[in-house]
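Chemist: File final.cif below, mmCIF, C-alpha atoms and all ligand atoms:
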```cif
data_upload
#
loop_
_atom_site.label_atom_id
_atom_site.label_comp_id
_atom_site.auth_asym_id
_atom_site.auth_seq_id
_atom_site.Cartn_x
_atom_site.Cartn_y
_atom_site.Cartn_z
CA MET M 1 0.00 0.00 0.00
CA PRO M 2 1.47 3.43 -0.88
CA PRO M 3 1.72 5.77 2.14
CA THR M 4 -1.16 8.19 2.75
CA GLU M 5 0.60 10.33 5.34
CA VAL M 6 4.09 11.64 5.81
CA THR M 7 5.80 13.83 8.40
CA VAL M 8 8.77 15.87 7.25
CA LYS M 9 11.28 17.97 9.14
CA ALA M 10 12.75 21.04 7.40
CA PRO M 11 15.50 23.26 8.80
CA ALA M 12 15.82 26.98 9.35
CA THR M 13 18.20 28.57 6.87
CA SER M 14 20.21 31.73 6.54
CA ALA M 15 20.37 33.31 3.08
CA ASN M 16 22.96 35.53 1.39
CA LEU M 17 25.81 35.04 3.92
CA GLY M 18 26.96 38.55 3.03
CA PRO M 19 28.16 38.68 -0.57
CA GLY M 20 25.81 36.04 -2.08
CA PHE M 21 22.49 37.89 -2.36
CA ASP M 22 19.89 35.37 -3.62
CA VAL M 23 22.77 32.95 -4.34
CA PHE M 24 24.17 31.60 -1.04
CA GLY M 25 22.29 29.75 1.68
CA LEU M 26 23.15 27.78 4.80
CA ALA M 27 21.00 25.19 6.57
CA LEU M 28 20.97 25.39 10.36
CA GLU M 29 20.80 22.42 12.72
CA HIS M 30 18.26 24.27 14.87
CA PRO M 31 15.39 25.32 14.73
CA SER M 32 13.15 23.43 12.29
CA ASP M 33 9.53 23.00 11.19
CA GLN M 34 7.63 19.70 11.11
CA VAL M 35 5.02 19.29 8.43
CA THR M 36 2.54 16.39 8.25
CA ILE M 37 0.78 15.87 4.93
CA THR M 38 -2.25 13.55 4.83
CA LEU M 39 -4.01 12.55 1.61
CA THR M 40 -7.79 13.02 1.68
CA SER M 41 -10.50 11.82 -0.68
CA SER M 42 -12.29 15.20 -0.61
CA LEU M 43 -10.44 17.55 -2.95
CA GLY M 44 -8.94 20.83 -1.75
CA ILE M 45 -6.19 21.78 0.70
CA LYS M 46 -6.78 22.34 4.41
CA ILE M 47 -4.01 23.88 6.49
CA GLN M 48 -3.51 23.92 10.25
CA VAL M 49 -0.63 25.76 11.88
CA PHE M 50 0.70 25.22 15.41
CA GLY M 51 3.81 26.25 17.28
CA VAL M 52 5.87 29.45 17.24
CA ALA M 53 3.81 32.52 16.25
CA ALA M 54 1.30 30.22 14.55
CA GLN M 55 -1.40 32.91 14.72
CA THR M 56 0.59 35.10 12.32
CA ILE M 57 0.68 32.51 9.54
CA SER M 58 -2.11 32.29 6.98
CA LYS M 59 -4.09 29.04 6.78
CA ILE M 60 -5.45 30.08 3.38
CA PRO M 61 -3.67 27.78 0.89
CA GLU M 62 -2.98 30.56 -1.65
CA ARG M 63 -1.28 32.64 1.06
CA ASN M 64 0.61 29.88 2.79
CA THR M 65 3.92 28.79 1.27
CA ALA M 66 3.26 25.07 1.84
CA GLY M 67 -0.22 25.49 0.39
CA VAL M 68 1.06 27.30 -2.72
CA VAL M 69 3.64 24.58 -3.38
CA ALA M 70 1.14 21.75 -2.76
CA ASP M 71 -1.47 23.34 -5.01
CA HIS M 72 1.12 23.82 -7.74
CA MET M 73 2.27 20.18 -7.49
CA ILE M 74 -1.32 18.85 -7.53
CA ARG M 75 -1.81 20.68 -10.84
CA GLU M 76 1.60 20.02 -12.43
CA PHE M 77 1.54 16.27 -11.67
CA SER M 78 -2.25 15.80 -11.96
CA LEU M 79 -2.44 14.41 -8.43
CA ASN M 80 -6.05 13.47 -7.87
CA THR M 81 -6.16 14.11 -4.15
CA GLY M 82 -7.08 16.51 -1.42
CA LEU M 83 -4.61 17.31 1.36
CA ASN M 84 -4.54 18.09 5.04
CA ILE M 85 -1.33 19.93 5.86
CA LYS M 86 -0.42 20.31 9.52
CA ILE M 87 2.48 22.67 10.12
CA GLU M 88 4.24 22.63 13.49
CA LYS M 89 6.36 25.79 13.46
CA GLY M 90 9.68 25.69 15.25
CA ILE M 91 11.09 28.56 13.15
CA TRP M 92 10.08 32.13 14.03
CA PRO M 93 8.30 33.61 10.99
CA SER M 94 9.33 36.94 9.42
CA ARG M 95 12.76 37.00 11.04
CA GLY M 96 15.03 36.12 8.08
CA LEU M 97 15.50 32.49 9.08
CA GLY M 98 13.83 30.83 6.12
CA SER M 99 10.56 30.06 7.92
CA SER M 100 8.43 30.20 4.79
CA ALA M 101 11.08 28.29 2.83
CA ALA M 102 11.12 25.45 5.36
CA SER M 103 7.37 24.87 5.03
CA ALA M 104 7.61 25.13 1.23
CA ALA M 105 10.52 22.68 1.08
CA ALA M 106 8.66 20.28 3.38
CA ALA M 107 5.58 20.36 1.16
CA ALA M 108 7.60 19.64 -2.01
CA PHE M 109 9.63 16.89 -0.34
CA GLY M 110 6.58 15.32 1.34
CA LEU M 111 4.48 15.17 -1.84
CA ASN M 112 7.44 13.80 -3.80
CA HIS M 113 7.61 10.99 -1.25
CA LEU M 114 3.86 10.29 -1.04
CA PHE M 115 3.44 10.06 -4.82
CA ASN M 116 6.85 8.53 -5.57
CA LEU M 117 7.46 11.31 -8.11
CA LYS M 118 11.22 10.65 -8.15
CA LEU M 119 12.01 14.36 -8.47
CA SER M 120 15.64 15.48 -8.23
CA LYS M 121 16.70 17.92 -5.54
CA ASP M 122 16.93 20.69 -8.15
CA GLN M 123 13.36 19.95 -9.25
CA LEU M 124 12.23 20.15 -5.60
CA VAL M 125 14.00 23.52 -5.30
CA ARG M 126 12.20 24.83 -8.41
CA LEU M 127 8.83 23.79 -6.93
CA ALA M 128 9.54 24.98 -3.39
CA ALA M 129 10.71 28.38 -4.67
CA LYS M 130 7.16 28.98 -5.97
CA GLY M 131 6.09 29.23 -2.33
CA GLU M 132 8.48 32.14 -1.79
CA VAL M 133 6.36 34.27 -4.11
CA ALA M 134 3.58 34.06 -1.48
CA SER M 135 5.79 35.43 1.28
CA ALA M 136 8.56 37.44 -0.41
CA GLY M 137 7.07 38.45 -3.73
CA SER M 138 9.78 36.66 -5.72
CA ALA M 139 10.83 33.06 -6.34
CA HIS M 140 14.31 33.46 -4.84
CA ALA M 141 15.76 30.01 -4.21
CA ASP M 142 18.58 30.51 -1.67
CA ASN M 143 16.56 29.54 1.43
CA VAL M 144 14.65 26.67 -0.17
CA SER M 145 17.85 25.24 -1.68
CA ALA M 146 19.55 25.19 1.71
CA ALA M 147 16.41 23.68 3.28
CA ILE M 148 16.40 20.89 0.68
CA TYR M 149 20.13 20.21 0.28
CA GLY M 150 21.40 21.08 3.77
CA ASP M 151 24.85 22.61 4.48
CA PHE M 152 26.08 25.45 2.23
CA ILE M 153 24.44 25.95 -1.14
CA ILE M 154 25.14 28.05 -4.20
CA VAL M 155 22.32 28.86 -6.63
CA LYS M 156 24.41 28.44 -9.79
CA SER M 157 21.49 29.18 -12.08
CA TYR M 158 17.85 30.23 -11.73
CA ASN M 159 16.70 29.25 -15.21
CA PRO M 160 17.03 26.31 -15.15
CA VAL M 161 17.43 25.87 -11.38
CA GLU M 162 20.88 24.43 -10.67
CA ILE M 163 22.33 24.17 -7.20
CA ALA M 164 25.80 23.31 -5.93
CA CYS M 165 26.17 22.11 -2.36
CA VAL M 166 29.29 22.05 -0.19
CA LYS M 167 29.51 20.43 3.23
CA ALA M 168 30.17 22.93 6.02
CA PRO M 169 33.28 22.46 8.18
CA SER M 170 32.74 20.61 11.49
CA ASP M 171 34.45 23.47 13.38
CA MET M 172 31.92 26.01 12.13
CA GLU M 173 29.27 27.31 14.52
CA VAL M 174 26.60 29.87 13.78
CA CYS M 175 25.11 32.41 16.18
CA VAL M 176 21.75 33.96 15.44
CA ALA M 177 20.02 36.87 17.18
CA PHE M 178 16.95 38.90 16.46
CA PRO M 179 15.11 41.65 18.29
CA GLN M 180 11.50 41.24 19.40
CA MET M 181 9.97 43.83 17.14
CA VAL M 182 6.85 44.00 15.08
CA THR M 183 7.90 43.31 11.53
CA PRO M 184 5.79 45.13 8.96
CA LYS M 185 3.46 43.10 6.75
CA GLY M 186 5.34 42.23 3.59
CA LYS M 187 8.63 42.63 5.48
CA THR M 188 10.73 40.70 2.96
CA VAL M 189 9.13 42.47 0.01
CA LYS M 190 10.05 45.81 1.62
CA ALA M 191 13.56 44.68 2.51
CA ARG M 192 14.06 43.66 -1.12
CA LEU M 193 12.88 47.03 -2.39
CA VAL M 194 15.72 48.86 -0.59
CA VAL M 195 18.41 46.78 -2.33
CA PRO M 196 19.67 48.83 -5.29
CA LYS M 197 18.82 47.53 -8.76
CA MET M 198 21.88 49.17 -10.32
CA VAL M 199 25.25 48.72 -8.65
CA GLN M 200 28.63 50.36 -9.23
CA LEU M 201 31.25 48.12 -10.80
CA GLU M 202 33.63 48.41 -7.81
CA LYS M 203 30.92 47.04 -5.50
CA VAL M 204 30.38 44.11 -7.84
CA ILE M 205 34.13 43.47 -7.88
CA TYR M 206 34.21 43.61 -4.06
CA ASN M 207 31.32 41.13 -3.72
CA VAL M 208 32.62 38.72 -6.36
CA GLY M 209 35.96 38.59 -4.53
CA LYS M 210 34.29 37.90 -1.17
CA ALA M 211 31.89 35.35 -2.66
CA ALA M 212 34.71 33.46 -4.39
CA ALA M 213 36.74 33.47 -1.17
CA MET M 214 33.76 32.15 0.78
CA VAL M 215 33.29 29.23 -1.61
CA SER M 216 37.00 28.50 -1.28
CA GLY M 217 36.59 28.62 2.53
CA PHE M 218 33.81 26.03 2.44
CA HIS M 219 35.75 23.77 0.08
CA THR M 220 38.87 23.82 2.19
CA GLY M 221 37.04 23.80 5.55
CA ASP M 222 38.58 27.16 6.53
CA VAL M 223 36.09 28.68 9.00
CA ASP M 224 38.09 31.90 9.40
CA LEU M 225 38.09 32.47 5.65
CA ILE M 226 34.33 31.85 5.54
CA GLY M 227 33.83 34.40 8.32
CA LYS M 228 36.14 37.02 6.83
CA SER M 229 34.40 36.66 3.47
CA MET M 230 31.00 37.43 4.99
CA SER M 231 31.17 41.02 3.90
CA ASP M 232 28.86 42.70 1.46
CA ALA M 233 29.02 46.04 -0.36
CA ILE M 234 25.53 45.81 -1.88
CA ALA M 235 22.61 44.55 0.27
CA GLU M 236 24.04 44.93 3.79
CA PRO M 237 24.70 48.70 3.60
CA ALA M 238 21.26 49.25 2.07
CA ARG M 239 19.45 47.15 4.67
CA ALA M 240 21.40 47.85 7.87
CA PHE M 241 19.13 50.75 8.83
CA LEU M 242 16.19 48.31 9.04
CA ILE M 243 17.85 46.54 11.98
CA PRO M 244 18.02 48.42 15.28
CA ASN M 245 21.57 49.06 16.52
CA TYR M 246 23.02 46.93 13.70
CA MET M 247 26.59 48.26 13.77
CA GLN M 248 26.92 47.91 17.54
CA VAL M 249 25.52 44.36 17.51
CA LYS M 250 28.12 43.55 14.84
CA GLU M 251 30.91 45.13 16.85
CA LYS M 252 29.91 43.20 19.98
CA ALA M 253 29.84 39.90 18.06
CA VAL M 254 33.30 40.50 16.59
CA ASN M 255 34.70 41.58 19.97
CA ALA M 256 33.31 38.37 21.51
CA GLY M 257 35.22 36.31 18.92
CA ALA M 258 33.00 35.99 15.83
CA CYS M 259 35.04 35.73 12.64
CA GLY M 260 32.19 37.04 10.50
CA PHE M 261 28.85 38.77 10.86
CA THR M 262 26.00 39.77 8.57
CA ILE M 263 22.25 40.08 8.17
CA SER M 264 20.46 36.73 7.98
CA GLY M 265 18.47 36.80 4.75
CA ALA M 266 16.27 39.87 4.72
CA GLY M 267 16.57 40.28 8.52
CA PRO M 268 15.89 41.41 11.15
CA ALA M 269 17.84 38.38 12.38
CA VAL M 270 21.60 38.71 12.22
CA MET M 271 24.08 35.87 12.08
CA ALA M 272 27.68 35.39 13.07
CA VAL M 273 30.17 32.67 12.19
CA VAL M 274 32.33 31.26 14.98
CA ASN M 275 35.36 29.00 14.70
CA LYS M 276 34.79 26.70 17.64
CA LYS M 277 38.55 26.15 18.02
CA LYS M 278 39.00 29.87 18.71
CA ALA M 279 35.86 31.28 20.34
CA ASN M 280 32.83 30.35 22.40
CA ALA M 281 29.62 30.53 20.39
CA ALA M 282 27.40 30.90 23.49
CA LYS M 283 29.36 34.05 24.44
CA VAL M 284 29.06 35.48 20.93
CA ALA M 285 25.29 34.83 20.94
CA GLN M 286 25.00 36.53 24.34
CA ALA M 287 26.98 39.54 23.08
CA MET M 288 24.61 39.87 20.11
CA LYS M 289 21.60 39.70 22.41
CA GLU M 290 23.11 42.44 24.59
CA GLY M 291 23.64 44.55 21.49
CA PHE M 292 19.89 44.66 20.91
CA GLU M 293 19.10 45.02 24.60
CA ALA M 294 21.39 48.08 24.72
CA VAL M 295 18.70 49.99 22.80
CA GLY M 296 15.88 48.68 24.95
CA LEU M 297 14.77 45.78 22.77
CA GLU M 298 14.20 42.27 24.03
CA ALA M 299 16.06 39.82 21.87
CA THR M 300 16.35 36.11 21.19
CA ALA M 301 19.81 34.68 20.58
CA PHE M 302 21.16 31.17 20.22
CA ALA M 303 24.14 29.24 18.95
CA THR M 304 23.77 26.41 16.48
CA LYS M 305 25.71 24.66 13.71
CA PRO M 306 25.26 24.14 10.00
CA GLY M 307 22.73 21.35 9.56
CA SER M 308 21.31 18.86 7.11
CA GLY M 309 18.41 19.28 4.72
CA VAL M 310 14.77 18.28 4.79
CA CYS M 311 14.15 14.68 5.86
CA LEU M 312 11.39 12.21 6.74
CA MET M 313 10.51 11.88 10.41
CA GLU M 314 10.49 8.31 11.63
CA LYS M 315 7.13 7.24 13.05
N1 LIG F 401 17.89 36.44 -0.55
C1 LIG F 401 16.64 36.85 0.02
C2 LIG F 401 16.73 38.31 0.44
C3 LIG F 401 16.33 36.02 1.21
O1 LIG F 401 17.77 38.68 1.01
O2 LIG F 401 15.81 39.06 0.18
C4 LIG F 401 15.02 36.37 1.87
O3 LIG F 401 14.84 35.53 2.98
#
```
Render the structure in this file as structure tokens.
Modeler:
Amino acid sequence: MPPTEVTVKAPATSANLGPGFDVFGLALEHPSDQVTITLTSSLGIKIQVFGVAAQTISKIPERNTAGVVADHMIREFSLNTGLNIKIEKGIWPSRGLGSSAASAAAAAFGLNHLFNLKLSKDQLVRLAAKGEVASAGSAHADNVSAAIYGDFIIVKSYNPVEIACVKAPSDMEVCVAFPQMVTPKGKTVKARLVVPKMVQLEKVIYNVGKAAAMVSGFHTGDVDLIGKSMSDAIAEPARAFLIPNYMQVKEKAVNAGACGFTISGAGPAVMAVVNKKKANAAKVAQAMKEGFEAVGLEATAFATKPGSGVCLMEK
């Protein structure tokens, strides 16, 4: 009997990593979403959302990233089924941690499994990226690629979707912090609008150099090179003003031992890279938290590691 229900775990992700706007992504070991998809004989998609900030996430299929992806796959593969999708959020939404991407990746991966569609990872990325239109207004694939592949990913091409994946070094730790602030509706759409559409050649040269060095750092397992390469002349300067006390949070992270620091995706979360042979990630995370608290904001901060991609949950 083919399965009629599947539960999938999909990781939080951090996009851009500084110089790789819409191109680089990193899967995190923690936190993650769990998505259970159940086939139903009555057609249509029903969505339930539980967990972190569940009340802020739409249960309307056309406005929910998992729902958008599932609806698209039902049409593209002529799947004659209805679906119940139960999303257990572990990832804070609208923080720049790939929350919408995780649910989208889980939906694509889960339906691929239930219907034995035998889709490649790149095909899953193409489908999951459709969900990003619902939340970010564009089908950027950096978060969904990291959620599907795990570790460090490079979007080599958007048309057709082609992803390269490099395992992250075992000495690499990642600190994440974000302030408790009300993020405006359409936060990612707005954060994308401030990124300049035309860029001076010297900024492109700067970013290409950093991006190339970062890829080299991942290939050789050089955490310090990865951290030092996490510098961006294009999106970070344009977006920094959206994040309270950004420069001081950065300074505190670096002083506490981070070897690199940047905005996580479209923010307001920020992320730092720590070489665990040289610094204590818990201290760096605490320093980042204090950076936000210094301007009167409560903040959440934690240390984690690069993690693996979407996977089935054992029953
Ligand atoms: N690359 C995207 C951006 C990620 O920075 O807008 C959004 O999570």
Chemist: Counting all atoms listed in the file, note down every residue that has an atom within 7 Å of the point (8.2, 17.0, 7.1) (file coordinates), as a list in words.
Modeler: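 With a cut-off of 7 Å, the residues come to Val6, Thr7, Val8, Lys9, Ala10, Gln34, Val35, Thr36, Ala106, Gly110, Cys311, Leu312 and Met313 of chain M.
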Chemist: Here is a test: counting only C-alpha atoms and all ligand atoms, which residue of M:Ser120, M:Gln55, M:Asn207, M:Ser145 is nearest to ligand LIG 401 (chain F)?
Modeler: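 Smallest distance to ligand LIG 401 (chain F) is found for M:Ser145.
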Chemist: Given all atoms listed in the file, how would the per-residue table for chain M near ligand LIG 401 (chain F) read, listing every residue at most 10 Å away with its closest atom pair and distance in Å to one decimal, sorted by chain and number, as a Markdown table?
Modeler:
```
| residue | atom | partner | partner_atom | distance |
| --- | --- | --- | --- | --- |
| M:Thr13 | CA | F:LIG401 | O3 | 8.7 |
| M:Ser14 | CA | F:LIG401 | O3 | 7.5 |
| M:Ala15 | CA | F:LIG401 | C3 | 5.2 |
| M:Asn16 | CA | F:LIG401 | N1 | 5.5 |
| M:Leu17 | CA | F:LIG401 | N1 | 9.2 |
| M:Gly18 | CA | F:LIG401 | O1 | 9.4 |
| M:Gly20 | CA | F:LIG401 | N1 | 8.1 |
| M:Phe21 | CA | F:LIG401 | N1 | 5.2 |
| M:Asp22 | CA | F:LIG401 | N1 | 3.8 |
| M:Val23 | CA | F:LIG401 | N1 | 7.1 |
| M:Phe24 | CA | F:LIG401 | N1 | 7.9 |
| M:Gly25 | CA | F:LIG401 | N1 | 8.3 |
| M:Ser94 | CA | F:LIG401 | O3 | 8.6 |
| M:Arg95 | CA | F:LIG401 | O3 | 8.5 |
| M:Gly96 | CA | F:LIG401 | O3 | 5.1 |
| M:Leu97 | CA | F:LIG401 | O3 | 6.8 |
| M:Gly98 | CA | F:LIG401 | O3 | 5.7 |
| M:Ser99 | CA | F:LIG401 | O3 | 8.5 |
| M:Ser100 | CA | F:LIG401 | O3 | 8.5 |
| M:Ala101 | CA | F:LIG401 | O3 | 8.2 |
| M:Glu132 | CA | F:LIG401 | C4 | 8.6 |
| M:Ser135 | CA | F:LIG401 | O3 | 9.2 |
| M:Ala136 | CA | F:LIG401 | C4 | 6.9 |
| M:Gly137 | CA | F:LIG401 | O2 | 9.6 |
| M:Ser138 | CA | F:LIG401 | O2 | 8.8 |
| M:Ala139 | CA | F:LIG401 | C1 | 9.4 |
| M:His140 | CA | F:LIG401 | N1 | 6.3 |
| M:Ala141 | CA | F:LIG401 | N1 | 7.7 |
| M:Asp142 | CA | F:LIG401 | N1 | 6.1 |
| M:Asn143 | CA | F:LIG401 | O3 | 6.4 |
| M:Val144 | CA | F:LIG401 | O3 | 9.4 |
| M:Lys187 | CA | F:LIG401 | O2 | 9.6 |
| M:Thr188 | CA | F:LIG401 | O2 | 6.0 |
| M:Val189 | CA | F:LIG401 | O2 | 7.5 |
| M:Lys190 | CA | F:LIG401 | O2 | 9.0 |
| M:Ala191 | CA | F:LIG401 | O2 | 6.5 |
| M:Arg192 | CA | F:LIG401 | O2 | 5.1 |
| M:Leu193 | CA | F:LIG401 | O2 | 8.9 |
| M:Val194 | CA | F:LIG401 | O2 | 9.8 |
| M:Val195 | CA | F:LIG401 | O2 | 8.5 |
| M:Ala235 | CA | F:LIG401 | O1 | 7.6 |
| M:Glu236 | CA | F:LIG401 | O1 | 9.3 |
| M:Arg239 | CA | F:LIG401 | O1 | 9.4 |
| M:Ile263 | CA | F:LIG401 | O1 | 8.6 |
| M:Ser264 | CA | F:LIG401 | O3 | 7.6 |
| M:Gly265 | CA | F:LIG401 | C3 | 4.2 |
| M:Ala266 | CA | F:LIG401 | O1 | 4.2 |
| M:Gly267 | CA | F:LIG401 | O3 | 7.5 |
```
Chemist: Under the rule that only C-alpha atoms are counted, which of M:Gly90, M:Gly67, M:Pro244, M:Gly44 is the nearest residue to Ala12 (chain M)?
Modeler: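 Using only C-alpha atoms, Ala12 (chain M) sits closest to M:Gly90.
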Chemist: Please report the interatomic distance between CA of Gly221 (chain M) and CA of Ile234 (chain M) in Å with one decimal.
Modeler: 25.9 Å
Chemist: If we count all atoms listed in the file, what is near Met172 (chain M) at a cut-off of 10 Å, once residues fewer than 5 positions away on the same chain are taken out, given as an MDAnalysis selection string?
Modeler: chainID M and resid 218 221:224 226:227 273:277 281 304:306
Chemist: Take CA of Gly150 (chain M) and CA of Ala27 (chain M) and report the distance between them in Å, one decimal.
Modeler: 5.0 Å
Chemist: Looking at M:Ala258, M:Val174, M:Ile163, M:Ala54, which one is nearest to Lys86 (chain M), with distances taken over only C-alpha atoms?
Modeler: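 For Lys86 (chain M), the nearest of the candidates is M:Ala54.
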Chemist: CA of Gly257 (chain M) and CA of Ser170 (chain M) are how many Å apart?
Modeler: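 Answer for the CA of Gly257 (chain M) to CA of Ser170 (chain M) separation: 17.5 Å.
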Chemist: Considering only C-alpha atoms, state which residue in the set M:Leu79, M:Pro3, M:Pro11, M:Pro19 is at the smallest distance from Ile205 (chain M).
Modeler: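 Of the candidates, the smallest distance to Ile205 (chain M) is held by M:Pro19.
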Chemist: Between M:Leu225, M:Met1, M:Met181, M:Leu127, which residue has the minimum interatomic distance to Phe77 (chain M), considering all atoms listed in the file?
Modeler: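 Of M:Leu225, M:Met1, M:Met181, M:Leu127, the one nearest Phe77 (chain M), counting all atoms listed in the file, is M:Leu127.
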Chemist: With all atoms listed in the file as the basis for distance, which of M:Glu5, M:Glu62, M:Glu88, M:Glu76 is at the shortest distance from Ser32 (chain M)?
Modeler: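 The answer is M:Glu88, which sits nearest to Ser32 (chain M).
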Chemist: Taking 5 positions as the minimum chain separation for residues in the same chain, which residues sit within 12 Å of Glu162 (chain M) when counting all atoms listed in the file? Answer as a list in words.
Modeler: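 Once the adjacent positions are removed, what remains is Val23, Ser120, Lys121, Asp122, Gln123, Leu124, Val125, Arg126, Ala141, Asp142, Ser145, Tyr149, Ile153, Ile154, Val155, Lys156 and Ser157 of chain M.
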